[in-house]
Amino acid sequence: MFVIVATMFFLSQYSDSKGVYIIEPHPELISYYEKFGFKLLENELVMYATVEELQLAQLNLFRENIEEQ
């Protein structure tokens with residue numbers, strides 16, 4: 001969860017941000033990154049998430065955490 005919070009903080013510093021790339025993600029971390037809205041691109045060497053996808057993932061994670069409490 002801290003990954004998405006840190007990412008959103010970084011993006012908030014740049015008003016024209018469109019999204020985030022993860023270059024050559026470790027294969028064991030791909031499913032972890034997918035939880036935060038990242039998707040593998042066609043070449044499978046890059047993952048990408050738009051600002052909107054990251055925001056939605058962040059909201060969903062916050063809701064899940066609140067419901068668990």
# chains A, B, ... in the order shown; residues from 1 in each chain; ligands from 1
>>> residues_around(residues="Met47 in chain A", least_positions_apart="5", cutoff="10 Å", atoms="only C-alpha atoms", output="list of chain:residue names")
A:Val20, A:Tyr21, A:Ile22, A:Ile23, A:Glu24, A:Pro25, A:Ile30, A:Tyr33, A:Glu34, A:Gly37, A:Phe38, A:Lys39, A:Leu40, A:Leu41, A:Glu42
>>> residues_around(residues="Lys18 in chain A", least_positions_apart="5", cutoff="12 Å", atoms="only C-alpha atoms", output="ChimeraX atom specification")
/A:8,10-12,48-55
>>> write_last_selection(atoms="N, CA, C and O atoms", output="PDB file, in the first residue's frame")
ATOM      1  N   MET A   8       1.553   8.217  -5.695  1.00  0.00           N
ATOM      2  CA  MET A   8       0.591   9.309  -5.840  1.00  0.00           C
ATOM      3  C   MET A   8       1.171  10.624  -5.322  1.00  0.00           C
ATOM      4  O   MET A   8       0.919  11.680  -5.893  1.00  0.00           O
ATOM      5  N   PHE A  10       4.345  11.453  -5.404  1.00  0.00           N
ATOM      6  CA  PHE A  10       5.269  11.878  -6.447  1.00  0.00           C
ATOM      7  C   PHE A  10       4.514  12.508  -7.615  1.00  0.00           C
ATOM      8  O   PHE A  10       4.880  13.576  -8.105  1.00  0.00           O
ATOM      9  N   LEU A  11       3.453  11.859  -8.069  1.00  0.00           N
ATOM     10  CA  LEU A  11       2.678  12.381  -9.192  1.00  0.00           C
ATOM     11  C   LEU A  11       2.025  13.716  -8.868  1.00  0.00           C
ATOM     12  O   LEU A  11       1.870  14.570  -9.735  1.00  0.00           O
ATOM     13  N   SER A  12       1.637  13.908  -7.618  1.00  0.00           N
ATOM     14  CA  SER A  12       0.981  15.158  -7.235  1.00  0.00           C
ATOM     15  C   SER A  12       1.926  16.352  -7.322  1.00  0.00           C
ATOM     16  O   SER A  12       1.481  17.499  -7.377  1.00  0.00           O
ATOM     17  N   TYR A  48       2.711  -0.231 -16.801  1.00  0.00           N
ATOM     18  CA  TYR A  48       2.265   1.164 -16.833  1.00  0.00           C
ATOM     19  C   TYR A  48       0.927   1.277 -16.115  1.00  0.00           C
ATOM     20  O   TYR A  48       0.098   0.376 -16.165  1.00  0.00           O
ATOM     21  N   ALA A  49       0.747   2.409 -15.449  1.00  0.00           N
ATOM     22  CA  ALA A  49      -0.544   2.745 -14.845  1.00  0.00           C
ATOM     23  C   ALA A  49      -0.776   4.238 -15.007  1.00  0.00           C
ATOM     24  O   ALA A  49       0.147   5.037 -14.797  1.00  0.00           O
ATOM     25  N   THR A  50      -1.980   4.597 -15.386  1.00  0.00           N
ATOM     26  CA  THR A  50      -2.320   6.013 -15.485  1.00  0.00           C
ATOM     27  C   THR A  50      -2.572   6.566 -14.089  1.00  0.00           C
ATOM     28  O   THR A  50      -2.766   5.811 -13.126  1.00  0.00           O
ATOM     29  N   VAL A  51      -2.594   7.872 -13.996  1.00  0.00           N
ATOM     30  CA  VAL A  51      -2.895   8.522 -12.715  1.00  0.00           C
ATOM     31  C   VAL A  51      -4.270   8.070 -12.229  1.00  0.00           C
ATOM     32  O   VAL A  51      -4.449   7.759 -11.053  1.00  0.00           O
ATOM     33  N   GLU A  52      -5.228   7.993 -13.141  1.00  0.00           N
ATOM     34  CA  GLU A  52      -6.588   7.599 -12.768  1.00  0.00           C
ATOM     35  C   GLU A  52      -6.632   6.166 -12.243  1.00  0.00           C
ATOM     36  O   GLU A  52      -7.331   5.872 -11.273  1.00  0.00           O
ATOM     37  N   GLU A  53      -5.899   5.265 -12.880  1.00  0.00           N
ATOM     38  CA  GLU A  53      -5.858   3.869 -12.429  1.00  0.00           C
ATOM     39  C   GLU A  53      -5.222   3.763 -11.049  1.00  0.00           C
ATOM     40  O   GLU A  53      -5.688   2.996 -10.196  1.00  0.00           O
ATOM     41  N   LEU A  54      -4.186   4.537 -10.814  1.00  0.00           N
ATOM     42  CA  LEU A  54      -3.535   4.532  -9.502  1.00  0.00           C
ATOM     43  C   LEU A  54      -4.452   5.094  -8.425  1.00  0.00           C
ATOM     44  O   LEU A  54      -4.516   4.575  -7.315  1.00  0.00           O
ATOM     45  N   GLN A  55      -5.183   6.163  -8.759  1.00  0.00           N
ATOM     46  CA  GLN A  55      -6.123   6.741  -7.796  1.00  0.00           C
ATOM     47  C   GLN A  55      -7.218   5.747  -7.439  1.00  0.00           C
ATOM     48  O   GLN A  55      -7.584   5.606  -6.267  1.00  0.00           O
TER      49      GLN A  55
END
>>> select_by_dssp(residues="chain A", states="alpha helix (DSSP H)", output="ChimeraX atom specification")
/A:2-12,30-34,51-68
>>> select_by_dssp(residues="chain A", states="strand (DSSP E or B)", output="short mmCIF file (atom, residue, chain, number, x, y, z; two decimals) with N, CA and C atoms, in the first residue's frame")
data_model
loop_
_atom_site.label_atom_id
_atom_site.label_comp_id
_atom_site.auth_asym_id
_atom_site.auth_seq_id
_atom_site.Cartn_x
_atom_site.Cartn_y
_atom_site.Cartn_z
N GLY A 19 1.03 9.26 -15.92
CA GLY A 19 1.10 7.90 -15.40
C GLY A 19 2.52 7.56 -15.00
N VAL A 20 2.70 6.27 -14.68
CA VAL A 20 3.98 5.78 -14.18
C VAL A 20 4.35 4.50 -14.91
N TYR A 21 5.62 4.41 -15.27
CA TYR A 21 6.17 3.20 -15.88
C TYR A 21 7.03 2.48 -14.86
N ILE A 22 6.99 1.15 -14.90
CA ILE A 22 7.95 0.32 -14.18
C ILE A 22 8.70 -0.45 -15.26
N ILE A 23 9.99 -0.20 -15.33
CA ILE A 23 10.81 -0.79 -16.38
C ILE A 23 11.42 -2.10 -15.87
N LYS A 39 -0.29 -2.44 -15.34
CA LYS A 39 -0.56 -3.50 -16.30
C LYS A 39 0.69 -3.70 -17.16
N LEU A 40 0.94 -4.95 -17.52
CA LEU A 40 2.05 -5.25 -18.42
C LEU A 40 1.72 -4.73 -19.81
N VAL A 46 7.76 -3.89 -19.59
CA VAL A 46 7.35 -2.61 -19.01
C VAL A 46 5.93 -2.74 -18.46
N MET A 47 5.71 -2.11 -17.31
CA MET A 47 4.36 -2.00 -16.75
C MET A 47 4.01 -0.52 -16.72
N TYR A 48 2.71 -0.23 -16.80
CA TYR A 48 2.26 1.16 -16.83
C TYR A 48 0.93 1.28 -16.11
N ALA A 49 0.75 2.41 -15.45
CA ALA A 49 -0.54 2.74 -14.85
C ALA A 49 -0.78 4.24 -15.01
N THR A 50 -1.98 4.60 -15.39
CA THR A 50 -2.32 6.01 -15.49
C THR A 50 -2.57 6.57 -14.09
#
>>> closest_residue(among="A:Phe36, A:Leu45, A:Thr7, A:Glu28", to="Phe62 in chain A", atoms="only C-alpha atoms")
A:Phe36
